[in-house]
file my_file_31.cif (mmCIF, C-alpha atoms and all ligand atoms)
data_structure
#
loop_
_atom_site.label_atom_id
_atom_site.label_comp_id
_atom_site.auth_asym_id
_atom_site.auth_seq_id
_atom_site.Cartn_x
_atom_site.Cartn_y
_atom_site.Cartn_z
CA MET A 1 -4.05 2.96 -11.16
CA GLU A 2 -0.74 1.26 -10.64
CA GLU A 3 -1.46 -0.33 -7.28
CA ILE A 4 -4.39 -2.63 -6.69
CA LEU A 5 -3.85 -2.92 -2.94
CA VAL A 6 -2.18 -0.65 -0.41
CA VAL A 7 -2.03 -1.71 3.23
CA LYS A 8 -0.78 0.82 5.74
CA ASN A 9 0.17 0.21 9.35
CA LEU A 10 -2.34 -2.57 9.90
CA LYS A 11 -2.65 -3.72 13.51
CA LYS A 12 -4.47 -6.54 15.21
CA TYR A 13 -3.83 -7.57 18.80
CA PHE A 14 -5.55 -10.53 20.41
CA VAL A 15 -6.04 -10.38 24.14
CA LYS A 16 -6.28 -13.59 26.12
CA LYS A 17 -7.39 -13.32 29.74
CA GLY A 18 -5.29 -15.25 32.21
CA LEU A 19 -6.82 -17.48 34.90
CA THR A 20 -7.22 -14.65 37.37
CA GLY A 21 -8.72 -12.42 34.72
CA ALA A 22 -6.14 -9.80 35.45
CA ASP A 23 -2.98 -11.21 33.92
CA LYS A 24 -3.89 -10.59 30.33
CA GLU A 25 -1.76 -11.94 27.56
CA ILE A 26 -1.49 -9.85 24.44
CA THR A 27 -0.47 -11.37 21.14
CA ARG A 28 0.37 -8.88 18.44
CA ILE A 29 -0.75 -10.84 15.40
CA ALA A 30 -0.26 -7.91 13.05
CA ASP A 31 1.86 -5.10 14.38
CA GLY A 32 2.09 -2.29 11.89
CA ILE A 33 1.95 -4.17 8.57
CA SER A 34 2.47 -2.06 5.43
CA PHE A 35 2.88 -3.23 1.84
CA SER A 36 1.41 -2.66 -1.58
CA ILE A 37 0.64 -4.85 -4.57
CA LYS A 38 0.87 -3.61 -8.14
CA ASN A 39 -1.45 -4.57 -10.96
CA ALA A 40 -0.67 -7.98 -12.46
CA GLU A 41 1.96 -8.64 -9.78
CA THR A 42 2.35 -11.59 -7.44
CA PHE A 43 3.26 -10.43 -3.97
CA VAL A 44 4.39 -13.15 -1.59
CA LEU A 45 3.76 -12.92 2.13
CA ALA A 46 6.01 -15.54 3.70
CA GLY A 47 6.50 -16.65 7.28
CA GLU A 48 6.27 -19.61 9.61
CA SER A 49 3.01 -21.08 10.74
CA GLY A 50 1.46 -18.78 13.36
CA SER A 51 3.23 -15.64 12.12
CA GLY A 52 -0.08 -13.93 11.26
CA LYS A 53 -0.43 -14.50 7.50
CA THR A 54 -4.04 -15.70 7.44
CA THR A 55 -5.08 -13.01 9.92
CA ILE A 56 -3.72 -10.35 7.56
CA ALA A 57 -5.62 -11.92 4.64
CA ARG A 58 -8.85 -11.94 6.63
CA MET A 59 -8.44 -8.26 7.47
CA ILE A 60 -7.91 -7.37 3.80
CA LEU A 61 -11.13 -9.21 2.93
CA ARG A 62 -12.74 -7.53 5.90
CA ALA A 63 -13.71 -10.89 7.38
CA LEU A 64 -11.94 -9.55 10.46
CA GLU A 65 -11.87 -5.97 11.68
CA PRO A 66 -8.38 -4.48 12.09
CA ASP A 67 -7.67 -2.58 15.32
CA SER A 68 -6.14 0.19 13.25
CA GLY A 69 -4.56 0.88 9.88
CA THR A 70 -5.71 1.60 6.36
CA ILE A 71 -6.57 -0.67 3.45
CA ILE A 72 -6.92 0.89 0.00
CA PHE A 73 -8.29 -1.40 -2.68
CA ASP A 74 -8.33 -0.23 -6.31
CA GLY A 75 -7.95 3.38 -5.25
CA GLN A 76 -10.65 3.37 -2.57
CA GLU A 77 -10.19 3.17 1.15
CA ILE A 78 -12.24 0.26 2.41
CA THR A 79 -11.47 0.48 6.10
CA ASN A 80 -14.46 1.93 7.94
CA GLN A 81 -16.36 2.43 4.68
CA GLU A 82 -19.29 0.10 4.70
CA ASP A 83 -20.31 1.07 1.12
CA HIS A 84 -16.95 0.02 -0.18
CA LEU A 85 -17.10 -3.40 1.39
CA LYS A 86 -18.98 -4.73 -1.60
CA LYS A 87 -16.21 -3.53 -3.85
CA ILE A 88 -13.56 -5.61 -2.12
CA ARG A 89 -15.84 -8.61 -1.68
CA LEU A 90 -16.40 -8.65 -5.43
CA GLY A 91 -13.00 -7.48 -6.62
CA CYS A 92 -10.90 -9.61 -4.30
CA GLN A 93 -11.40 -13.36 -3.93
CA MET A 94 -9.63 -15.95 -1.82
CA VAL A 95 -8.33 -19.44 -2.43
CA HIS A 96 -7.84 -21.33 0.83
CA GLN A 97 -5.24 -23.84 1.88
CA ASP A 98 -7.81 -26.59 2.25
CA PRO A 99 -10.19 -26.75 -0.71
CA TYR A 100 -12.67 -28.60 1.50
CA ALA A 101 -12.90 -25.55 3.76
CA SER A 102 -14.07 -23.31 0.93
CA ILE A 103 -16.27 -25.65 -1.09
CA ASN A 104 -19.45 -27.28 0.08
CA PRO A 105 -19.16 -31.08 -0.26
CA ARG A 106 -22.88 -31.42 -0.92
CA MET A 107 -22.87 -29.07 -3.91
CA THR A 108 -22.00 -29.98 -7.48
CA VAL A 109 -19.00 -28.37 -9.13
CA LEU A 110 -21.31 -26.17 -11.22
CA ASP A 111 -23.16 -24.86 -8.15
CA ILE A 112 -19.91 -24.28 -6.27
CA VAL A 113 -18.41 -22.20 -9.06
CA LYS A 114 -21.69 -20.33 -9.71
CA GLU A 115 -22.25 -19.38 -6.09
CA PRO A 116 -20.23 -16.11 -6.04
CA LEU A 117 -22.23 -14.94 -9.10
CA GLU A 118 -25.44 -15.62 -7.20
CA ILE A 119 -24.19 -13.86 -4.08
CA HIS A 120 -23.30 -10.78 -6.14
CA ARG A 121 -26.42 -11.11 -8.33
CA ILE A 122 -24.45 -11.24 -11.56
CA GLY A 123 -26.29 -12.38 -14.70
CA ASN A 124 -29.31 -14.63 -15.11
CA LYS A 125 -29.25 -18.40 -14.76
CA GLU A 126 -27.98 -19.03 -18.28
CA GLU A 127 -25.26 -16.42 -18.02
CA ARG A 128 -24.15 -17.82 -14.69
CA ASN A 129 -23.94 -21.31 -16.16
CA ARG A 130 -21.96 -19.98 -19.08
CA LEU A 131 -19.56 -17.98 -16.87
CA ALA A 132 -19.05 -20.96 -14.54
CA SER A 133 -18.31 -23.29 -17.47
CA HIS A 134 -15.88 -20.75 -18.86
CA ALA A 135 -14.10 -20.47 -15.50
CA LEU A 136 -13.81 -24.27 -15.36
CA SER A 137 -12.23 -24.39 -18.78
CA GLN A 138 -9.83 -21.60 -17.75
CA VAL A 139 -8.59 -23.76 -14.88
CA LYS A 140 -8.31 -26.71 -17.33
CA LEU A 141 -10.97 -28.90 -15.79
CA GLU A 142 -12.04 -30.59 -18.95
CA PRO A 143 -14.26 -31.86 -20.41
CA VAL A 144 -16.34 -29.23 -18.62
CA ASP A 145 -19.61 -31.06 -19.33
CA ASP A 146 -18.38 -34.05 -17.33
CA ILE A 147 -16.95 -32.02 -14.47
CA ILE A 148 -19.93 -29.76 -13.74
CA SER A 149 -22.16 -32.48 -12.33
CA LYS A 150 -19.49 -34.03 -10.10
CA TYR A 151 -19.28 -33.66 -6.33
CA PRO A 152 -16.03 -32.64 -4.57
CA HIS A 153 -15.35 -36.15 -3.20
CA MET A 154 -15.27 -37.47 -6.77
CA LEU A 155 -12.29 -35.26 -7.59
CA SER A 156 -8.59 -35.45 -6.77
CA GLY A 157 -6.98 -32.90 -4.43
CA GLY A 158 -5.50 -31.00 -7.36
CA GLN A 159 -8.84 -30.95 -9.19
CA ARG A 160 -10.61 -29.70 -6.07
CA GLN A 161 -8.14 -26.84 -5.78
CA ARG A 162 -8.78 -26.03 -9.46
CA VAL A 163 -12.51 -25.84 -8.65
CA ALA A 164 -11.68 -23.43 -5.80
CA ILE A 165 -9.62 -21.33 -8.24
CA ALA A 166 -12.46 -21.36 -10.81
CA ARG A 167 -14.80 -20.16 -8.08
CA ALA A 168 -12.33 -17.39 -7.19
CA ILE A 169 -11.96 -16.11 -10.76
CA VAL A 170 -15.56 -16.46 -11.93
CA THR A 171 -16.43 -12.90 -10.84
CA ASN A 172 -13.42 -11.55 -12.75
CA PRO A 173 -11.58 -10.23 -9.68
CA LYS A 174 -8.60 -7.88 -9.81
CA LEU A 175 -6.89 -9.49 -6.83
CA VAL A 176 -6.83 -13.10 -5.65
CA ILE A 177 -5.49 -13.98 -2.22
CA ALA A 178 -4.08 -17.50 -2.36
CA ASP A 179 -3.47 -18.71 1.19
CA GLU A 180 -1.04 -21.65 1.00
CA PRO A 181 -2.94 -23.00 -2.04
CA VAL A 182 -0.60 -25.94 -2.67
CA SER A 183 0.58 -26.89 0.80
CA MET A 184 -2.01 -29.65 1.24
CA LEU A 185 -1.50 -31.08 -2.23
CA ASP A 186 0.78 -33.87 -3.39
CA VAL A 187 4.14 -32.54 -4.47
CA SER A 188 3.49 -33.97 -7.94
CA VAL A 189 0.46 -31.74 -8.59
CA ARG A 190 1.76 -28.54 -6.98
CA ILE A 191 3.65 -27.31 -10.01
CA GLY A 192 0.51 -27.58 -12.18
CA ILE A 193 -1.41 -25.28 -9.82
CA LEU A 194 1.47 -22.78 -9.73
CA GLU A 195 1.64 -22.81 -13.53
CA LEU A 196 -2.08 -22.17 -13.65
CA ILE A 197 -1.79 -19.17 -11.33
CA LYS A 198 0.99 -17.76 -13.53
CA GLU A 199 -1.08 -18.29 -16.66
CA LEU A 200 -4.20 -16.66 -15.20
CA GLN A 201 -2.05 -13.70 -14.31
CA GLU A 202 -0.56 -13.44 -17.80
CA ILE A 203 -3.91 -13.74 -19.56
CA HIS A 204 -6.12 -11.68 -17.26
CA GLY A 205 -3.65 -9.46 -15.43
CA ILE A 206 -4.90 -10.68 -12.05
CA SER A 207 -2.79 -9.62 -9.07
CA PHE A 208 -2.04 -12.27 -6.47
CA LEU A 209 -1.27 -12.11 -2.80
CA TYR A 210 0.43 -15.48 -2.42
CA ILE A 211 0.71 -16.58 1.19
CA THR A 212 3.13 -19.34 2.09
CA HIS A 213 5.62 -20.75 4.55
CA ASP A 214 7.47 -22.35 1.66
CA LEU A 215 10.08 -20.18 -0.03
CA SER A 216 10.69 -22.62 -2.87
CA THR A 217 7.15 -22.34 -4.25
CA ALA A 218 7.29 -18.61 -3.50
CA SER A 219 10.36 -18.08 -5.66
CA TYR A 220 8.73 -19.96 -8.52
CA ILE A 221 5.74 -17.70 -8.62
CA GLY A 222 6.48 -14.36 -6.94
CA HIS A 223 7.69 -10.93 -8.02
CA MET A 224 7.93 -9.18 -4.64
CA ILE A 225 8.19 -10.75 -1.19
CA ALA A 226 7.65 -9.67 2.40
CA ILE A 227 9.03 -11.87 5.17
CA LEU A 228 6.80 -11.88 8.21
CA TYR A 229 8.03 -12.71 11.70
CA ARG A 230 5.59 -12.66 14.60
CA GLY A 231 3.35 -9.95 13.20
CA LYS A 232 6.06 -7.74 11.69
CA ILE A 233 7.57 -7.53 8.24
CA VAL A 234 11.30 -7.95 8.75
CA GLU A 235 12.44 -7.80 5.14
CA THR A 236 10.86 -6.93 1.81
CA GLY A 237 11.87 -6.44 -1.82
CA PRO A 238 12.09 -8.13 -5.23
CA ILE A 239 11.95 -11.87 -4.55
CA ASN A 240 15.10 -12.80 -6.49
CA GLU A 241 17.17 -10.24 -4.63
CA VAL A 242 15.79 -11.06 -1.19
CA LEU A 243 16.23 -14.81 -1.58
CA SER A 244 19.65 -14.64 -3.24
CA SER A 245 21.11 -12.14 -0.78
CA PRO A 246 19.01 -12.00 2.39
CA ARG A 247 19.95 -9.20 4.79
CA HIS A 248 17.79 -10.23 7.75
CA PRO A 249 19.00 -13.22 9.83
CA TYR A 250 15.45 -14.58 9.93
CA THR A 251 15.22 -14.66 6.10
CA GLN A 252 18.52 -16.52 6.15
CA ALA A 253 17.14 -18.98 8.73
CA LEU A 254 14.08 -19.64 6.58
CA LEU A 255 16.30 -20.26 3.56
CA ASP A 256 18.53 -22.58 5.58
CA SER A 257 15.49 -24.57 6.58
CA ILE A 258 14.87 -25.33 2.89
CA SER A 259 18.38 -26.51 2.14
CA ASN A 260 18.51 -28.37 5.46
CA PRO A 261 14.94 -29.44 6.01
CA ASP A 262 14.70 -30.36 9.64
CA PRO A 263 11.03 -29.56 10.17
CA ASP A 264 11.50 -29.13 13.90
CA ASN A 265 14.36 -26.73 13.52
CA LEU A 266 12.43 -23.49 13.34
CA HIS A 267 9.15 -24.60 14.77
CA ARG A 268 10.34 -26.12 18.00
CA ASP A 269 12.05 -22.94 18.98
CA HIS A 270 9.08 -20.90 17.86
CA LYS A 271 6.63 -22.93 19.93
CA ILE A 272 8.74 -22.67 23.04
CA ARG A 273 8.79 -18.92 22.70
CA ILE A 274 5.05 -18.73 22.12
CA ASN A 275 4.35 -20.85 25.17
CA GLU A 276 6.59 -18.86 27.36
CA SER A 277 5.02 -15.60 26.17
CA SER A 278 4.52 -13.33 29.12
CA GLY A 279 2.62 -10.34 27.88
CA ILE A 280 3.74 -7.17 26.25
CA ASN A 281 7.39 -7.25 27.33
CA GLU A 282 8.37 -9.90 24.85
CA TYR A 283 7.70 -7.32 22.18
CA GLN A 284 10.39 -4.98 23.41
CA GLY A 285 13.27 -4.82 21.01
CA CYS A 286 13.77 -7.06 17.99
CA ARG A 287 11.41 -10.03 18.21
CA PHE A 288 13.93 -12.31 16.58
CA ARG A 289 16.80 -11.54 18.93
CA ALA A 290 16.36 -14.57 21.22
CA ARG A 291 16.85 -16.83 18.18
CA CYS A 292 19.33 -14.63 16.38
CA PRO A 293 23.00 -15.67 16.18
CA TYR A 294 23.99 -12.08 15.29
CA ALA A 295 22.15 -10.26 18.10
CA ILE A 296 23.93 -7.28 19.64
CA GLU A 297 23.12 -5.01 22.56
CA LYS A 298 21.31 -2.56 20.30
CA CYS A 299 18.76 -5.26 19.35
CA LYS A 300 17.03 -4.57 22.67
CA GLN A 301 15.63 -1.60 20.79
CA GLU A 302 13.07 -2.21 18.11
CA PRO A 303 14.44 -2.03 14.56
CA GLU A 304 12.16 -0.38 11.99
CA LEU A 305 12.10 -1.18 8.28
CA GLU A 306 14.88 0.77 6.63
CA LYS A 307 15.47 1.33 2.94
CA ILE A 308 18.67 -0.39 1.76
CA SER A 309 18.17 0.04 -1.99
CA GLU A 310 15.56 1.30 -4.44
CA LYS A 311 13.07 -1.47 -3.70
CA ARG A 312 14.42 -3.24 -0.63
CA GLN A 313 13.81 -2.68 3.06
CA VAL A 314 15.08 -4.54 6.10
CA ALA A 315 14.36 -4.19 9.82
CA CYS A 316 17.69 -5.17 11.37
CA PHE A 317 20.53 -3.25 13.00
CA VAL A 318 23.10 -5.82 11.90
CA LYS A 319 22.01 -6.49 8.28
CA ILE A 320 23.97 -9.61 7.45
CA ASN A 321 25.68 -10.05 4.10
N1 LIG B 401 -9.53 -15.03 16.54
C1 LIG B 401 -8.36 -15.26 17.17
N2 LIG B 401 -8.22 -15.08 18.51
C2 LIG B 401 -7.05 -15.28 19.13
N3 LIG B 401 -5.93 -15.69 18.51
C3 LIG B 401 -5.98 -15.89 17.18
C4 LIG B 401 -7.21 -15.71 16.44
N4 LIG B 401 -6.95 -15.99 15.14
C5 LIG B 401 -5.65 -16.35 15.07
N5 LIG B 401 -5.07 -16.29 16.29
C6 LIG B 401 -3.66 -16.59 16.60
O1 LIG B 401 -2.90 -15.72 15.80
C7 LIG B 401 -1.68 -16.34 15.41
C8 LIG B 401 -1.48 -16.16 13.94
O2 LIG B 401 -2.43 -16.92 13.28
P1 LIG B 401 -2.55 -16.99 11.71
O3 LIG B 401 -2.85 -15.64 11.19
O4 LIG B 401 -3.50 -18.08 11.39
O5 LIG B 401 -1.07 -17.40 11.28
P2 LIG B 401 -0.54 -18.11 9.97
O6 LIG B 401 -1.59 -18.02 8.91
O7 LIG B 401 0.71 -17.35 9.63
O8 LIG B 401 -0.23 -19.52 10.34
C9 LIG B 401 -1.78 -17.78 15.87
O9 LIG B 401 -0.97 -17.91 17.01
C10 LIG B 401 -3.23 -17.98 16.20
O10 LIG B 401 -3.39 -18.89 17.25
MG MG B 402 -2.51 -19.52 7.81
#
call {"tool": "encode", "arguments": {"input": "my_file_31.cif", "output": "structure tokens", "more": "lines below"}}
Ligand SMILES: Nc1ncnc2c1ncn2[C@@H]1O[C@H](COP(=O)(O)OP(=O)(O)O)[C@@H](O)[C@H]1O
Ligand SMILES: [Mg+2]
result
Amino acid sequence: MEEILVVKNLKKYFVKKGLTGADKEITRIADGISFSIKNAETFVLAGESGSGKTTIARMILRALEPDSGTIIFDGQEITNQEDHLKKIRLGCQMVHQDPYASINPRMTVLDIVKEPLEIHRIGNKEERNRLASHALSQVKLEPVDDIISKYPHMLSGGQRQRVAIARAIVTNPKLVIADEPVSMLDVSVRIGILELIKELQEIHGISFLYITHDLSTASYIGHMIAILYRGKIVETGPINEVLSSPRHPYTQALLDSISNPDPDNLHRDHKIRINESSGINEYQGCRFRARCPYAIEKCKQEPELEKISEKRQVACFVKIN
């Protein structure tokens, strides 16, 4: 099996009722998302805050029901297949942005890391202890005997995220979804976590879905990338190619925001557009056209992803160079 995860045409719309009840506002959080992740590959899903990244992750884990679309995990369709839910819940684990959100502050490190084994009824008590200790040594939390009895507040941010990673790998998953795993950490400890993810992949062949708004950490760790803009993938391909020669103006804008980091640059504009959202019409045509310096008349139609080379696709009529 070459692909661990295949997502096809995933859709999720959220409907907010207006004050009168009638003027509904529809937000297309995921609007026909398709991508696939190969074994032992890191696939980056990148986009601004609010673009729908976490919602997509929750649908893959089936923590949230998609409106439509197909998810195939390790060769089995898991959408609408209750029996296959267990398979993804065991075979795919998640590391969250905020380690405090995924680990219980009143539990010891040992109990935190053991918990997924208990949930899935793997091993007896001794085996669980052994597997948890092994996972802690794999994430380099040593000496393990000192770490296991500690509580989360006794650890640094980087150590807490290592505990969350140990918890994610303890069941020996094939895919780990890492949702902005370093964005809340000090810059000085980020690289260590990224190195660890790379190493776990090399040793165990784990595939990663690495979710981020930060293209510089993405390029350090990723093989393939998909750029998400307001619920749609606008560009995808090998990460080196996409980031060195972006063809979508939005990819270019994200790259510019790294070299010229004015944090308000992209977000201010984005927020204004979200607030002024007036129902379904804003989704006619290219979603980026109001912000796009290259927009032409044709952009009032909706561009679909189009193959531009063996592995690259872009959804843009202009396709900058
Ligand atoms: N359960 C929900 N109901 C309504 N809106 C939601 C819900 N979950 C998320 N959203 C909205 O969906 C958008 C995308 O959210 P999210 O997937 O968290 O984006 P990201 O992870 O890229 O920051 C946000 O505008 C958020 O407010
Ligand atoms: Mg998110």
call {"tool": "residues_near_ligand", "arguments": {"input": "my_file_31.cif", "ligand": "ligand MG 402 (chain B)", "cutoff": "12 Å", "atoms": "all atoms listed in the file", "output": "number ranges by chain"}}
result
A: 29, 45-58, 95-98, 177-181, 183, 210-213
call {"tool": "write_last_selection", "arguments": {"input": "my_file_31.cif", "atoms": "C-alpha atoms", "output": "PDB file, keeping the file's coordinate frame"}}
result
ATOM      1  CA  ILE A  29      -0.750 -10.840  15.400  1.00  0.00           C
ATOM      2  CA  LEU A  45       3.760 -12.920   2.130  1.00  0.00           C
ATOM      3  CA  ALA A  46       6.010 -15.540   3.700  1.00  0.00           C
ATOM      4  CA  GLY A  47       6.500 -16.650   7.280  1.00  0.00           C
ATOM      5  CA  GLU A  48       6.270 -19.610   9.610  1.00  0.00           C
ATOM      6  CA  SER A  49       3.010 -21.080  10.740  1.00  0.00           C
ATOM      7  CA  GLY A  50       1.460 -18.780  13.360  1.00  0.00           C
ATOM      8  CA  SER A  51       3.230 -15.640  12.120  1.00  0.00           C
ATOM      9  CA  GLY A  52      -0.080 -13.930  11.260  1.00  0.00           C
ATOM     10  CA  LYS A  53      -0.430 -14.500   7.500  1.00  0.00           C
ATOM     11  CA  THR A  54      -4.040 -15.700   7.440  1.00  0.00           C
ATOM     12  CA  THR A  55      -5.080 -13.010   9.920  1.00  0.00           C
ATOM     13  CA  ILE A  56      -3.720 -10.350   7.560  1.00  0.00           C
ATOM     14  CA  ALA A  57      -5.620 -11.920   4.640  1.00  0.00           C
ATOM     15  CA  ARG A  58      -8.850 -11.940   6.630  1.00  0.00           C
ATOM     16  CA  VAL A  95      -8.330 -19.440  -2.430  1.00  0.00           C
ATOM     17  CA  HIS A  96      -7.840 -21.330   0.830  1.00  0.00           C
ATOM     18  CA  GLN A  97      -5.240 -23.840   1.880  1.00  0.00           C
ATOM     19  CA  ASP A  98      -7.810 -26.590   2.250  1.00  0.00           C
ATOM     20  CA  ILE A 177      -5.490 -13.980  -2.220  1.00  0.00           C
ATOM     21  CA  ALA A 178      -4.080 -17.500  -2.360  1.00  0.00           C
ATOM     22  CA  ASP A 179      -3.470 -18.710   1.190  1.00  0.00           C
ATOM     23  CA  GLU A 180      -1.040 -21.650   1.000  1.00  0.00           C
ATOM     24  CA  PRO A 181      -2.940 -23.000  -2.040  1.00  0.00           C
ATOM     25  CA  SER A 183       0.580 -26.890   0.800  1.00  0.00           C
ATOM     26  CA  TYR A 210       0.430 -15.480  -2.420  1.00  0.00           C
ATOM     27  CA  ILE A 211       0.710 -16.580   1.190  1.00  0.00           C
ATOM     28  CA  THR A 212       3.130 -19.340   2.090  1.00  0.00           C
ATOM     29  CA  HIS A 213       5.620 -20.750   4.550  1.00  0.00           C
TER      30      HIS A 213
END
call {"tool": "atom_distance", "arguments": {"input": "my_file_31.cif", "atom1": "atom C3 of ligand LIG 401 (chain B)", "atom2": "atom CA of A:Ile37"}}
result
25.3 Å
call {"tool": "residues_around", "arguments": {"input": "my_file_31.cif", "residues": "stretch 73-89 of chain A", "least_positions_apart": "3", "cutoff": "7 Å", "atoms": "only C-alpha atoms", "output": "PyMOL selection string"}}
result
chain A and resi 3-6+61+70+92-93
call {"tool": "closest_residue", "arguments": {"input": "my_file_31.cif", "among": "A:Pro303, A:Gly192, A:Pro152, A:Gly222", "to": "A:Ser207", "atoms": "all atoms listed in the file"}}
result
A:Gly222
call {"tool": "atom_distance", "arguments": {"input": "my_file_31.cif", "atom1": "atom CA of A:Ala290", "atom2": "atom CA of A:Phe35"}}
result
26.2 Å
call {"tool": "axis_aligned_box", "arguments": {"input": "my_file_31.cif", "around": "ligand LIG 401 (chain B)", "padding_each_side": "6 Å", "output": "AutoDock Vina command-line options"}}
result
--center_x -4.4 --center_y -17.3 --center_z 14.0 --size_x 22.2 --size_y 16.5 --size_z 22.2
call {"tool": "closest_residue", "arguments": {"input": "my_file_31.cif", "among": "A:Ala40, A:Leu175, A:Met184, A:Leu196", "to": "A:Ala101", "atoms": "only C-alpha atoms"}}
result
A:Met184
call {"tool": "atom_distance", "arguments": {"input": "my_file_31.cif", "atom1": "atom CA of A:Leu305", "atom2": "atom CA of A:Thr236"}}
result
8.7 Å
call {"tool": "closest_residue", "arguments": {"input": "my_file_31.cif", "among": "A:Cys292, A:Ile197, A:Ile227, A:Val182", "to": "ligand LIG 401 (chain B)", "atoms": "only C-alpha atoms and all ligand atoms"}}
result
A:Ile227
